[in-house]
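> start_16.tsv (TSV, C-alpha atoms and all ligand atoms) pasted underneath:
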```
chain	number	residue	atom	x	y	z
N	1	MET	CA	1.38	21.85	0.03
N	2	ILE	CA	4.70	20.78	1.53
N	3	PRO	CA	7.05	17.82	1.03
N	4	ILE	CA	7.97	15.60	3.99
N	5	ARG	CA	11.45	14.21	4.46
N	6	LEU	CA	12.42	11.29	6.67
N	7	ASP	CA	16.19	11.66	6.77
N	8	ARG	CA	17.72	8.32	7.81
N	9	VAL	CA	15.08	7.92	10.49
N	10	SER	CA	15.16	4.84	12.68
N	11	LYS	CA	13.36	3.55	15.72
N	12	THR	CA	14.45	0.71	18.00
N	13	TYR	CA	12.03	-0.15	20.79
N	14	ALA	CA	14.41	-0.50	23.74
N	15	ALA	CA	12.75	-3.45	25.43
N	16	LEU	CA	12.87	-5.51	22.28
N	17	ALA	CA	16.14	-4.23	20.84
N	18	ALA	CA	17.72	-7.67	20.83
N	19	ALA	CA	14.81	-9.49	19.24
N	20	GLU	CA	13.20	-6.89	16.99
N	21	PRO	CA	14.68	-5.40	13.87
N	22	THR	CA	15.11	-1.66	13.88
N	23	ILE	CA	12.46	0.17	11.87
N	24	SER	CA	14.12	2.57	9.46
N	25	ALA	CA	13.29	4.82	6.53
N	26	ASP	CA	15.05	7.32	4.31
N	27	LEU	CA	12.50	8.84	1.98
N	28	THR	CA	10.85	11.98	0.68
N	29	ILE	CA	7.10	12.42	0.29
N	30	ARG	CA	6.40	14.99	-2.42
N	31	ALA	CA	4.21	18.06	-1.90
N	32	GLY	CA	0.56	17.17	-2.55
N	33	GLU	CA	1.32	13.49	-2.92
N	34	PHE	CA	-0.84	10.57	-1.74
N	35	PHE	CA	1.90	8.35	-0.31
N	36	THR	CA	1.19	4.92	1.17
N	37	LEU	CA	3.15	2.84	3.67
N	38	LEU	CA	2.19	-0.72	2.76
N	39	GLY	CA	3.31	-3.92	4.46
N	40	PRO	CA	2.25	-6.87	6.60
N	41	SER	CA	1.24	-6.48	10.22
N	42	GLY	CA	4.21	-5.70	12.48
N	43	CYS	CA	6.50	-4.34	9.74
N	44	GLY	CA	6.63	-0.86	11.29
N	45	LYS	CA	4.02	1.19	9.40
N	46	SER	CA	2.38	2.70	12.48
N	47	THR	CA	5.76	3.36	14.05
N	48	LEU	CA	6.82	5.42	11.02
N	49	LEU	CA	3.50	7.27	10.88
N	50	ARG	CA	3.61	8.03	14.60
N	51	MET	CA	7.13	9.42	14.24
N	52	VAL	CA	5.86	11.73	11.48
N	53	ALA	CA	2.95	12.73	13.75
N	54	GLY	CA	5.26	13.30	16.73
N	55	PHE	CA	3.83	10.66	19.07
N	56	ILE	CA	7.10	8.68	18.95
N	57	ALA	CA	10.60	10.18	18.90
N	58	PRO	CA	13.02	8.55	16.44
N	59	THR	CA	16.08	6.78	17.88
N	60	SER	CA	18.14	8.48	15.17
N	61	GLY	CA	17.66	10.67	12.09
N	62	SER	CA	15.53	13.75	11.48
N	63	ILE	CA	12.08	14.61	10.11
N	64	TRP	CA	11.38	17.66	7.97
N	65	PHE	CA	8.11	19.33	6.92
N	66	GLY	CA	9.29	21.44	4.01
N	67	ASP	CA	12.35	23.28	5.36
N	68	ARG	CA	11.10	23.12	8.95
N	69	GLU	CA	12.67	20.44	11.12
N	70	VAL	CA	10.01	18.86	13.36
N	71	THR	CA	11.94	15.92	14.84
N	72	ARG	CA	11.47	17.11	18.45
N	73	LEU	CA	8.33	19.20	17.93
N	74	ALA	CA	5.12	18.30	19.84
N	75	PRO	CA	2.34	16.75	17.69
N	76	HIS	CA	-0.10	19.67	18.09
N	77	LYS	CA	2.52	22.08	16.72
N	78	ARG	CA	3.13	20.12	13.51
N	79	GLY	CA	-0.01	21.12	11.57
N	80	ILE	CA	-1.26	17.58	10.99
N	81	GLY	CA	-4.71	16.03	10.68
N	82	MET	CA	-4.97	12.40	11.68
N	83	VAL	CA	-7.48	9.58	11.08
N	84	PHE	CA	-7.30	6.31	13.03
N	85	GLN	CA	-8.69	2.82	12.49
N	86	ASN	CA	-11.09	3.15	15.43
N	87	TYR	CA	-12.39	6.65	14.39
N	88	ALA	CA	-11.58	8.13	17.85
N	89	LEU	CA	-14.61	10.44	17.73
N	90	PHE	CA	-16.09	12.14	20.81
N	91	PRO	CA	-19.27	10.07	21.42
N	92	HIS	CA	-21.02	12.76	23.50
N	93	LEU	CA	-20.63	15.47	20.84
N	94	SER	CA	-22.72	15.86	17.66
N	95	VAL	CA	-21.25	15.32	14.21
N	96	ALA	CA	-20.76	19.07	13.71
N	97	GLU	CA	-19.24	19.51	17.18
N	98	ASN	CA	-16.77	16.70	16.46
N	99	VAL	CA	-15.70	18.35	13.21
N	100	ALA	CA	-15.55	21.80	14.85
N	101	TYR	CA	-13.31	20.60	17.67
N	102	GLY	CA	-9.95	21.54	16.13
N	103	LEU	CA	-11.28	24.91	15.00
N	104	LYS	CA	-12.49	25.71	18.52
N	105	MET	CA	-9.05	24.83	19.89
N	106	ARG	CA	-7.64	27.32	17.40
N	107	ARG	CA	-10.23	29.93	18.49
N	108	THR	CA	-11.66	30.28	14.99
N	109	ALA	CA	-14.53	32.80	14.97
N	110	LYS	CA	-18.00	31.23	15.20
N	111	ASP	CA	-19.32	32.24	11.77
N	112	LEU	CA	-16.18	31.08	9.99
N	113	ARG	CA	-16.24	27.89	12.05
N	114	HIS	CA	-19.80	27.07	10.97
N	115	ALA	CA	-18.93	27.70	7.35
N	116	GLN	CA	-15.80	25.55	7.47
N	117	VAL	CA	-17.59	22.69	9.25
N	118	ALA	CA	-20.39	22.76	6.67
N	119	SER	CA	-17.89	22.75	3.86
N	120	ALA	CA	-15.89	19.86	5.35
N	121	LEU	CA	-19.08	17.81	5.91
N	122	SER	CA	-20.09	18.47	2.34
N	123	MET	CA	-16.68	17.40	1.09
N	124	VAL	CA	-17.13	13.97	2.71
N	125	GLY	CA	-20.75	13.65	1.57
N	126	LEU	CA	-22.41	14.24	4.94
N	127	ASP	CA	-24.31	17.46	4.15
N	128	GLY	CA	-27.09	18.15	6.62
N	129	LEU	CA	-26.04	15.49	9.14
N	130	GLY	CA	-24.27	17.93	11.47
N	131	ASP	CA	-26.90	17.68	14.23
N	132	ARG	CA	-26.86	13.88	14.39
N	133	SER	CA	-25.21	12.18	17.32
N	134	ILE	CA	-22.28	9.89	16.54
N	135	ASP	CA	-24.07	6.67	17.50
N	136	GLN	CA	-26.76	7.35	14.90
N	137	LEU	CA	-24.17	6.93	12.14
N	138	SER	CA	-22.89	3.81	10.39
N	139	GLY	CA	-19.19	2.89	10.64
N	140	GLY	CA	-18.52	4.30	7.18
N	141	GLN	CA	-20.22	7.59	8.07
N	142	GLN	CA	-18.30	7.80	11.35
N	143	GLN	CA	-15.02	7.41	9.49
N	144	ARG	CA	-16.09	10.21	7.14
N	145	VAL	CA	-16.73	12.43	10.17
N	146	ALA	CA	-13.20	11.61	11.35
N	147	LEU	CA	-11.90	12.55	7.90
N	148	ALA	CA	-13.84	15.85	7.93
N	149	ARG	CA	-12.47	16.59	11.41
N	150	ALA	CA	-8.92	15.97	10.17
N	151	VAL	CA	-9.13	18.16	7.04
N	152	VAL	CA	-11.25	21.02	8.42
N	153	ILE	CA	-8.20	22.56	10.12
N	154	GLN	CA	-6.49	22.68	6.70
N	155	PRO	CA	-3.43	20.76	7.91
N	156	ASP	CA	-0.13	20.71	6.04
N	157	LEU	CA	-0.20	16.96	6.31
N	158	LEU	CA	-2.96	14.35	6.52
N	159	LEU	CA	-2.06	11.04	8.21
N	160	LEU	CA	-4.32	7.97	8.05
N	161	ASP	CA	-3.54	4.72	9.88
N	162	GLU	CA	-5.56	1.78	8.49
N	163	PRO	CA	-8.73	3.93	8.37
N	164	LEU	CA	-10.82	1.27	6.61
N	165	SER	CA	-9.97	-1.80	8.68
N	166	ASN	CA	-13.19	-1.73	10.68
N	167	LEU	CA	-15.44	-1.53	7.59
N	168	ASP	CA	-16.78	-4.41	5.50
N	169	ALA	CA	-15.48	-5.07	1.99
N	170	LYS	CA	-17.99	-3.06	-0.08
N	171	LEU	CA	-17.84	-0.05	2.21
N	172	ARG	CA	-14.04	-0.19	2.24
N	173	GLU	CA	-13.96	0.29	-1.52
N	174	GLU	CA	-16.44	3.18	-1.45
N	175	THR	CA	-14.72	4.90	1.43
N	176	ARG	CA	-11.22	4.60	-0.03
N	177	THR	CA	-12.46	6.30	-3.21
N	178	GLN	CA	-13.95	9.06	-1.11
N	179	ILE	CA	-10.71	9.54	0.84
N	180	ARG	CA	-8.79	9.84	-2.43
N	181	GLU	CA	-11.34	12.37	-3.77
N	182	VAL	CA	-11.09	14.50	-0.65
N	183	GLN	CA	-7.29	14.39	-0.87
N	184	GLU	CA	-7.34	15.39	-4.55
N	185	ARG	CA	-9.73	18.26	-3.95
N	186	SER	CA	-7.87	19.57	-0.90
N	187	GLY	CA	-4.38	18.88	-2.31
N	188	ILE	CA	-3.07	18.03	1.19
N	189	THR	CA	0.12	15.95	1.29
N	190	THR	CA	-1.08	12.61	2.63
N	191	VAL	CA	0.54	9.58	4.24
N	192	TYR	CA	-1.70	6.54	4.29
N	193	VAL	CA	-1.02	3.28	6.13
N	194	THR	CA	-2.51	-0.05	5.08
N	195	HIS	CA	-1.68	-3.78	4.98
N	196	ASP	CA	-4.05	-4.23	2.01
N	197	GLN	CA	-2.16	-4.17	-1.27
N	198	ALA	CA	-5.26	-3.72	-3.46
N	199	GLU	CA	-6.27	-0.69	-1.39
N	200	ALA	CA	-2.79	0.79	-1.67
N	201	MET	CA	-2.67	0.23	-5.44
N	202	ALA	CA	-6.10	1.82	-5.92
N	203	VAL	CA	-5.52	5.14	-4.14
N	204	SER	CA	-1.79	5.94	-4.07
N	205	ASP	CA	0.47	8.16	-6.15
N	206	ARG	CA	3.40	6.22	-4.74
N	207	ILE	CA	3.79	3.29	-2.36
N	208	ALA	CA	6.60	2.30	-0.01
N	209	VAL	CA	6.47	-1.49	0.38
N	210	LEU	CA	7.79	-2.31	3.86
N	211	ALA	CA	8.93	-5.59	5.37
N	212	ASP	CA	11.26	-6.40	8.26
N	213	GLY	CA	11.37	-2.73	9.25
N	214	ARG	CA	12.70	-1.39	5.95
N	215	ALA	CA	11.41	-0.21	2.56
N	216	HIS	CA	11.90	-2.84	-0.13
N	217	GLN	CA	10.69	-0.50	-2.87
N	218	ILE	CA	9.27	3.01	-3.27
N	219	ASP	CA	7.50	3.54	-6.59
N	220	GLU	CA	4.22	4.28	-8.30
N	221	PRO	CA	1.70	1.40	-8.24
N	222	ARG	CA	2.32	0.30	-11.83
N	223	LEU	CA	6.08	-0.03	-11.29
N	224	ILE	CA	5.61	-1.81	-7.97
N	225	TYR	CA	3.48	-4.33	-9.83
N	226	ARG	CA	5.44	-4.65	-13.08
N	227	ARG	CA	8.96	-4.25	-11.74
N	228	PRO	CA	9.10	-5.65	-8.21
N	229	ALA	CA	12.50	-4.95	-6.66
N	230	THR	CA	12.52	-8.01	-4.42
N	231	SER	CA	10.79	-11.39	-4.26
N	232	PHE	CA	8.87	-10.12	-1.23
N	233	VAL	CA	7.37	-7.28	-3.31
N	234	ALA	CA	6.57	-9.68	-6.19
N	235	ARG	CA	4.65	-12.00	-3.88
N	236	PHE	CA	2.99	-9.30	-1.76
N	237	ILE	CA	1.63	-7.22	-4.66
N	238	GLY	CA	-0.86	-9.20	-6.69
N	239	ARG	CA	0.11	-12.81	-6.95
N	240	SER	CA	3.33	-14.11	-8.39
N	241	ASN	CA	5.32	-17.26	-8.98
N	242	VAL	CA	8.91	-16.53	-7.98
N	243	LEU	CA	11.09	-19.16	-9.62
N	244	PRO	CA	14.85	-19.78	-9.40
N	245	VAL	CA	16.65	-19.25	-12.73
N	246	ARG	CA	20.16	-19.49	-14.12
N	247	VAL	CA	21.35	-16.49	-16.13
N	248	ALA	CA	22.86	-17.45	-19.52
N	249	ALA	CA	23.48	-14.00	-21.01
N	250	VAL	CA	22.85	-10.37	-20.07
N	251	GLY	CA	21.58	-7.60	-22.40
N	252	ASP	CA	20.96	-3.89	-21.68
N	253	ASP	CA	17.52	-4.33	-20.17
N	254	THR	CA	16.95	-8.04	-20.73
N	255	ALA	CA	18.59	-11.31	-19.76
N	256	SER	CA	18.50	-14.82	-21.20
N	257	VAL	CA	17.64	-17.24	-18.43
N	258	SER	CA	16.74	-20.88	-18.07
N	259	LEU	CA	14.12	-22.00	-15.58
N	260	SER	CA	15.93	-25.18	-14.52
N	261	GLU	CA	18.74	-27.47	-15.69
N	262	ASP	CA	16.88	-28.67	-18.77
N	263	GLY	CA	14.13	-26.03	-18.64
N	264	PRO	CA	13.23	-23.62	-21.44
N	265	ALA	CA	15.39	-20.60	-22.29
N	266	LEU	CA	13.55	-17.28	-21.92
N	267	THR	CA	14.48	-13.70	-22.73
N	268	VAL	CA	13.10	-11.69	-19.83
N	269	PRO	CA	12.99	-7.97	-18.92
N	270	ARG	CA	15.23	-6.70	-16.13
N	271	SER	CA	16.29	-3.39	-14.59
N	272	PRO	CA	19.45	-1.92	-16.16
N	273	ALA	CA	20.40	-1.03	-12.56
N	274	MET	CA	20.46	-4.68	-11.50
N	275	THR	CA	23.96	-6.12	-11.30
N	276	VAL	CA	23.93	-9.59	-12.74
N	277	ALA	CA	26.48	-11.69	-14.67
N	278	ALA	CA	26.19	-14.66	-16.97
N	279	GLY	CA	26.38	-17.86	-14.95
N	280	ALA	CA	24.76	-16.32	-11.88
N	281	THR	CA	21.56	-17.50	-10.29
N	282	ALA	CA	18.62	-15.14	-9.90
N	283	GLN	CA	14.87	-15.24	-9.43
N	284	LEU	CA	12.11	-14.70	-11.96
N	285	SER	CA	8.75	-13.24	-11.03
N	286	VAL	CA	6.17	-14.89	-13.29
N	287	ARG	CA	2.65	-13.51	-12.96
N	288	PRO	CA	-0.12	-16.15	-13.09
N	289	GLN	CA	-1.41	-14.60	-16.34
N	290	ALA	CA	2.07	-14.97	-17.91
N	291	LEU	CA	1.50	-18.74	-17.92
N	292	LYS	CA	-0.78	-19.83	-20.76
N	293	LEU	CA	-2.38	-23.24	-21.07
N	294	VAL	CA	-1.33	-24.56	-24.49
N	295	ALA	CA	-1.19	-27.84	-26.40
N	296	GLU	CA	1.58	-30.13	-25.09
N	297	SER	CA	3.41	-29.85	-28.44
N	298	GLU	CA	3.76	-26.02	-28.07
N	299	ALA	CA	4.51	-26.10	-24.35
N	300	GLN	CA	7.67	-24.84	-22.65
N	301	LEU	CA	6.67	-26.39	-19.33
N	302	HIS	CA	4.69	-29.52	-18.49
N	303	GLY	CA	2.84	-30.39	-15.33
N	304	GLU	CA	-0.20	-31.81	-13.61
N	305	VAL	CA	-3.16	-29.76	-12.40
N	306	LYS	CA	-3.58	-30.06	-8.64
N	307	ARG	CA	-6.36	-27.60	-7.85
N	308	VAL	CA	-8.71	-25.29	-9.70
N	309	GLU	CA	-10.34	-22.15	-8.29
N	310	TYR	CA	-13.20	-20.43	-10.07
N	311	LEU	CA	-12.97	-16.67	-9.37
N	312	GLY	CA	-15.52	-15.21	-11.82
N	313	ALA	CA	-13.61	-13.34	-14.50
N	314	THR	CA	-10.70	-15.74	-14.22
N	315	VAL	CA	-9.97	-19.32	-13.23
N	316	THR	CA	-6.73	-20.15	-11.46
N	317	ALA	CA	-5.08	-23.54	-11.53
N	318	THR	CA	-2.26	-24.79	-9.33
N	319	VAL	CA	0.08	-26.83	-11.52
N	320	ASP	CA	2.78	-29.18	-10.22
N	321	LEU	CA	5.83	-28.95	-12.50
N	322	GLY	CA	7.72	-31.67	-10.66
N	323	THR	CA	10.45	-29.37	-9.30
N	324	THR	CA	8.03	-26.66	-8.18
N	325	THR	CA	4.40	-25.63	-8.18
N	326	VAL	CA	3.03	-22.63	-10.09
N	327	VAL	CA	-0.26	-20.77	-10.15
N	328	VAL	CA	-1.76	-20.19	-13.59
N	329	SER	CA	-4.55	-17.74	-14.33
N	330	ALA	CA	-6.78	-18.11	-17.39
N	331	PRO	CA	-9.82	-16.16	-18.61
N	332	GLU	CA	-13.05	-17.75	-17.40
N	333	ARG	CA	-14.49	-18.25	-20.89
N	334	GLN	CA	-11.60	-20.59	-21.74
N	335	THR	CA	-12.24	-24.28	-21.00
N	336	ALA	CA	-11.15	-24.80	-17.42
N	337	PRO	CA	-8.50	-27.46	-16.73
N	338	GLN	CA	-9.45	-30.31	-14.43
N	339	PRO	CA	-7.57	-31.59	-11.37
N	340	GLY	CA	-5.39	-34.56	-12.35
N	341	GLU	CA	-5.11	-33.40	-15.99
N	342	ARG	CA	-1.66	-33.13	-17.65
N	343	VAL	CA	-1.22	-29.67	-19.15
N	344	GLY	CA	1.34	-27.74	-21.18
N	345	LEU	CA	2.29	-24.16	-20.32
N	346	ALA	CA	3.86	-21.38	-22.40
N	347	VAL	CA	5.49	-18.37	-20.73
N	348	ASP	CA	4.68	-14.83	-21.91
N	349	GLU	CA	7.91	-13.00	-21.04
N	350	ASN	CA	6.15	-9.60	-20.95
N	351	ASP	CA	4.59	-10.54	-17.63
N	352	THR	CA	7.85	-11.63	-16.04
N	353	TRP	CA	10.57	-9.66	-14.27
N	354	LEU	CA	14.09	-10.61	-13.18
N	355	ILE	CA	14.88	-10.17	-9.48
N	356	PRO	CA	18.26	-10.43	-7.73
N	357	GLN	CA	18.96	-13.59	-5.77
N	401	LIG	P1	2.52	-2.15	11.90
N	401	LIG	O1	1.79	-0.87	12.09
N	401	LIG	O2	3.16	-2.28	10.55
N	401	LIG	O3	1.67	-3.37	12.20
N	401	LIG	P2	4.06	-1.35	14.22
N	401	LIG	O4	4.77	-0.10	13.84
N	401	LIG	O5	2.85	-1.22	15.06
N	401	LIG	O6	3.76	-2.22	12.92
N	401	LIG	O7	5.08	-2.30	14.99
N	401	LIG	C1	6.36	-2.63	14.45
N	401	LIG	C2	7.11	-3.51	15.45
N	401	LIG	O8	7.41	-2.77	16.62
N	401	LIG	C3	6.33	-4.72	15.89
N	401	LIG	O9	7.22	-5.79	16.03
N	401	LIG	C4	5.77	-4.31	17.23
N	401	LIG	O10	5.61	-5.42	18.06
N	401	LIG	C5	6.84	-3.37	17.75
N	401	LIG	N1	6.27	-2.32	18.63
N	401	LIG	C6	5.30	-1.45	18.28
N	401	LIG	N2	5.03	-0.60	19.30
N	401	LIG	C7	5.85	-0.96	20.32
N	401	LIG	C8	6.06	-0.49	21.66
N	401	LIG	N3	5.37	0.56	22.15
N	401	LIG	N4	6.99	-1.11	22.40
N	401	LIG	C9	7.71	-2.14	21.93
N	401	LIG	N5	7.55	-2.64	20.68
N	401	LIG	C10	6.64	-2.07	19.89
N	402	MG	MG	-0.22	-0.48	12.58
```
For the file at hand, write its structure as structure tokens.
Ligand code: ADP
Ligand code: MG


Amino acid sequence: MIPIRLDRVSKTYAALAAAEPTISADLTIRAGEFFTLLGPSGCGKSTLLRMVAGFIAPTSGSIWFGDREVTRLAPHKRGIGMVFQNYALFPHLSVAENVAYGLKMRRTAKDLRHAQVASALSMVGLDGLGDRSIDQLSGGQQQRVALARAVVIQPDLLLLDEPLSNLDAKLREETRTQIREVQERSGITTVYVTHDQAEAMAVSDRIAVLADGRAHQIDEPRLIYRRPATSFVARFIGRSNVLPVRVAAVGDDTASVSLSEDGPALTVPRSPAMTVAAGATAQLSVRPQALKLVAESEAQLHGEVKRVEYLGATVTATVDLGTTTVVVSAPERQTAPQPGERVGLAVDENDTWLIPQ
């Protein structure tokens, strides 16, 4: 198990230098960690992963595997296993031959090779399917072959670029669990790329949330969700209402804020590291479940229901507050509000978080 360091790494694609933001990162992936690069399409996830793999050279900065600098090292000398969205299997080879490929390249002895292939296939739940041809397998099984092929060489680093994107929803959930299990059992330091926040939250030790070519936040899933560093993170992870607020007073790890000129005063949690002064404007992330439907007499906010969505366990309502619109989430067993209805809302400050302007 080795840590990976991206030391002030950046990449500017020459042709687009004027129009495109530079993609940059300065981060350390811990030994044995399941680390995810998460962000919308085009934010630079694949570029970062391909620099780690060695397919793209950084414009500046250096990349370290443990205390070995690999910035200019060819991909096949880096000790990585890689899994791609499109599987990239050899269609004319059997399942076992696909998995054995990297071992053959390394001239691993035949007996050892057979044993390692069998063990890798077992690890991904494909025992006994070694003789099948690739086109006899489902998409999910093919991706598991690709995973077995990547881990069988016992790489220092496992890289996965949107490995579940070609699978349907149910299979995506099963396969992501399996990837995490394989990673836990093998202990290989892993960098995983996805645009799907739920997927990232489910499998990762830590997540780097990327947008506009830079990391907005690097944290464990719970902190990414509960303490979003920017309004982008608040909106991208789960759902959130990001509302403008005026800061009235500042405590150690709280602040008193008001939601609008004559809006309610709230005492909300904030990071002690955030620089903010009384009188300043800021933003408040308010999770849909922080807004409770209450009697008008107890309400801090008043509005009119515009739309109701029934989601099963919860019902969400879009409520027009006059100055802005918020999304409210309520348990399904509660009486659902109706479009056109006037409602009162109370804010549970525990599910809010102050964000710099
Ligand atoms: P992601 O994987 O997050 O979708 P990419 O790393 O593929 O993002 O791309 C990041 C940005 O760099 C995008 O704006 C993309 O158009 C641009 N880009 C990617 N590859 C190249 C390339 N080979 N040449 C020029 N621009 C590229
Ligand atoms: Mg990509």

> Can you tell me, as an mmCIF file with C-alpha atoms, in the frame of the given file, what residues are no more than 9 Å from stretch 112-118 of chain N when counting only C-alpha atoms, ignoring any on the same chain fewer than 5 positions away?


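Final output, saved to around_28.cif:
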```cif
data_model
loop_
_atom_site.group_PDB
_atom_site.id
_atom_site.type_symbol
_atom_site.label_atom_id
_atom_site.label_comp_id
_atom_site.auth_asym_id
_atom_site.auth_seq_id
_atom_site.Cartn_x
_atom_site.Cartn_y
_atom_site.Cartn_z
ATOM 1 C CA ALA N 96 -20.760 19.070 13.710
ATOM 2 C CA GLU N 97 -19.240 19.510 17.180
ATOM 3 C CA VAL N 99 -15.700 18.350 13.210
ATOM 4 C CA ALA N 100 -15.550 21.800 14.850
ATOM 5 C CA LEU N 103 -11.280 24.910 15.000
ATOM 6 C CA LYS N 104 -12.490 25.710 18.520
ATOM 7 C CA MET N 123 -16.680 17.400 1.090
ATOM 8 C CA LEU N 126 -22.410 14.240 4.940
ATOM 9 C CA ASP N 127 -24.310 17.460 4.150
ATOM 10 C CA GLY N 128 -27.090 18.150 6.620
ATOM 11 C CA GLY N 130 -24.270 17.930 11.470
ATOM 12 C CA ALA N 148 -13.840 15.850 7.930
ATOM 13 C CA ARG N 149 -12.470 16.590 11.410
ATOM 14 C CA VAL N 152 -11.250 21.020 8.420
ATOM 15 C CA ILE N 153 -8.200 22.560 10.120
#
```

> Output as a tab-separated table one row per residue of chain N within 8 Å of ligand MG 402 (chain N): the closest atom pair and its distance in Å to one decimal place, counting all atoms listed in the file, sorted by chain and residue number ascending.


```
residue	atom	partner	partner_atom	distance
N:Ser41	CA	N:MG402	MG	6.6
N:Gly42	CA	N:MG402	MG	6.8
N:Gly44	CA	N:MG402	MG	7.0
N:Lys45	CA	N:MG402	MG	5.6
N:Ser46	CA	N:MG402	MG	4.1
N:Thr47	CA	N:MG402	MG	7.3
N:Asp161	CA	N:MG402	MG	6.7
N:Glu162	CA	N:MG402	MG	7.1
N:Val193	CA	N:MG402	MG	7.5
N:Thr194	CA	N:MG402	MG	7.9
```

> Please, what is the axis-aligned box for every listed atom of stretch 289-298 of chain N with 5 Å on each side, as centre and edge lengths in Å to one decimal, as AutoDock Vina command-line options?


```
--center_x 0.7 --center_y -22.4 --center_z -22.4 --size_x 16.1 --size_y 25.5 --size_z 22.1
```

> Can you pull out the residues contacting stretch 206-209 of chain N? Cut-off 9 Å, using only C-alpha atoms, and skip same-chain residues under 4 positions away; I want them as a ChimeraX atom specification.

/N:29,33-39,200-201,214-221,224,233,236

> With distances taken over all atoms listed in the file, which residue among N:Arg5, N:Arg307, N:Arg50, N:Lys170 lies nearest ligand LIG 401 (chain N)?

N:Arg50

> Take atom C9 of ligand LIG 401 (chain N) and atom CA of N:Tyr13 and report the distance between them in Å, one decimal.

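Calculated distance between atom C9 of ligand LIG 401 (chain N) and atom CA of N:Tyr13 is 4.9 Å.
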
> Extract, using only C-alpha atoms, all DNA, RNA and protein residues at most 6 Å from N:Gly32, discarding same-chain residues fewer than 2 positions from it, and format them as a list of chain:residue names.

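Result of the neighbour search: N:Met1, N:Gly187, N:Ile188, N:Thr189.
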
> Return stretch 57-68 of chain N, completed with N, CA, C and O atoms, as a compact mmCIF listing (two decimals), in the frame of the given file.


```
# COMPACT_ATOMS: atom_id res chain seq x y z
N ALA N 57 9.36 9.52 19.33
CA ALA N 57 10.60 10.18 18.90
C ALA N 57 11.50 9.15 18.23
O ALA N 57 11.64 8.03 18.73
N PRO N 58 12.11 9.49 17.09
CA PRO N 58 13.02 8.55 16.44
C PRO N 58 14.25 8.29 17.32
O PRO N 58 14.65 9.15 18.09
N THR N 59 14.83 7.10 17.19
CA THR N 59 16.08 6.78 17.88
C THR N 59 17.23 7.54 17.21
O THR N 59 18.16 8.00 17.86
N SER N 60 17.15 7.67 15.88
CA SER N 60 18.14 8.48 15.17
C SER N 60 17.49 9.07 13.91
O SER N 60 16.41 8.64 13.51
N GLY N 61 18.16 10.05 13.31
CA GLY N 61 17.66 10.67 12.09
C GLY N 61 16.78 11.89 12.37
O GLY N 61 16.54 12.23 13.53
N SER N 62 16.34 12.55 11.31
CA SER N 62 15.53 13.75 11.48
C SER N 62 14.34 13.76 10.51
O SER N 62 14.36 13.09 9.47
N ILE N 63 13.32 14.52 10.90
CA ILE N 63 12.08 14.61 10.11
C ILE N 63 11.85 16.07 9.75
O ILE N 63 11.96 16.96 10.60
N TRP N 64 11.54 16.30 8.48
CA TRP N 64 11.38 17.66 7.97
C TRP N 64 10.03 17.83 7.29
O TRP N 64 9.63 17.01 6.47
N PHE N 65 9.31 18.91 7.66
CA PHE N 65 8.11 19.33 6.92
C PHE N 65 8.54 20.53 6.10
O PHE N 65 8.75 21.62 6.66
N GLY N 66 8.70 20.37 4.80
CA GLY N 66 9.29 21.44 4.01
C GLY N 66 10.68 21.72 4.55
O GLY N 66 11.45 20.78 4.80
N ASP N 67 11.02 23.00 4.81
CA ASP N 67 12.35 23.28 5.36
C ASP N 67 12.33 23.48 6.88
O ASP N 67 13.26 24.00 7.47
N ARG N 68 11.23 23.02 7.49
CA ARG N 68 11.10 23.12 8.95
C ARG N 68 11.40 21.76 9.57
O ARG N 68 10.74 20.76 9.26
```
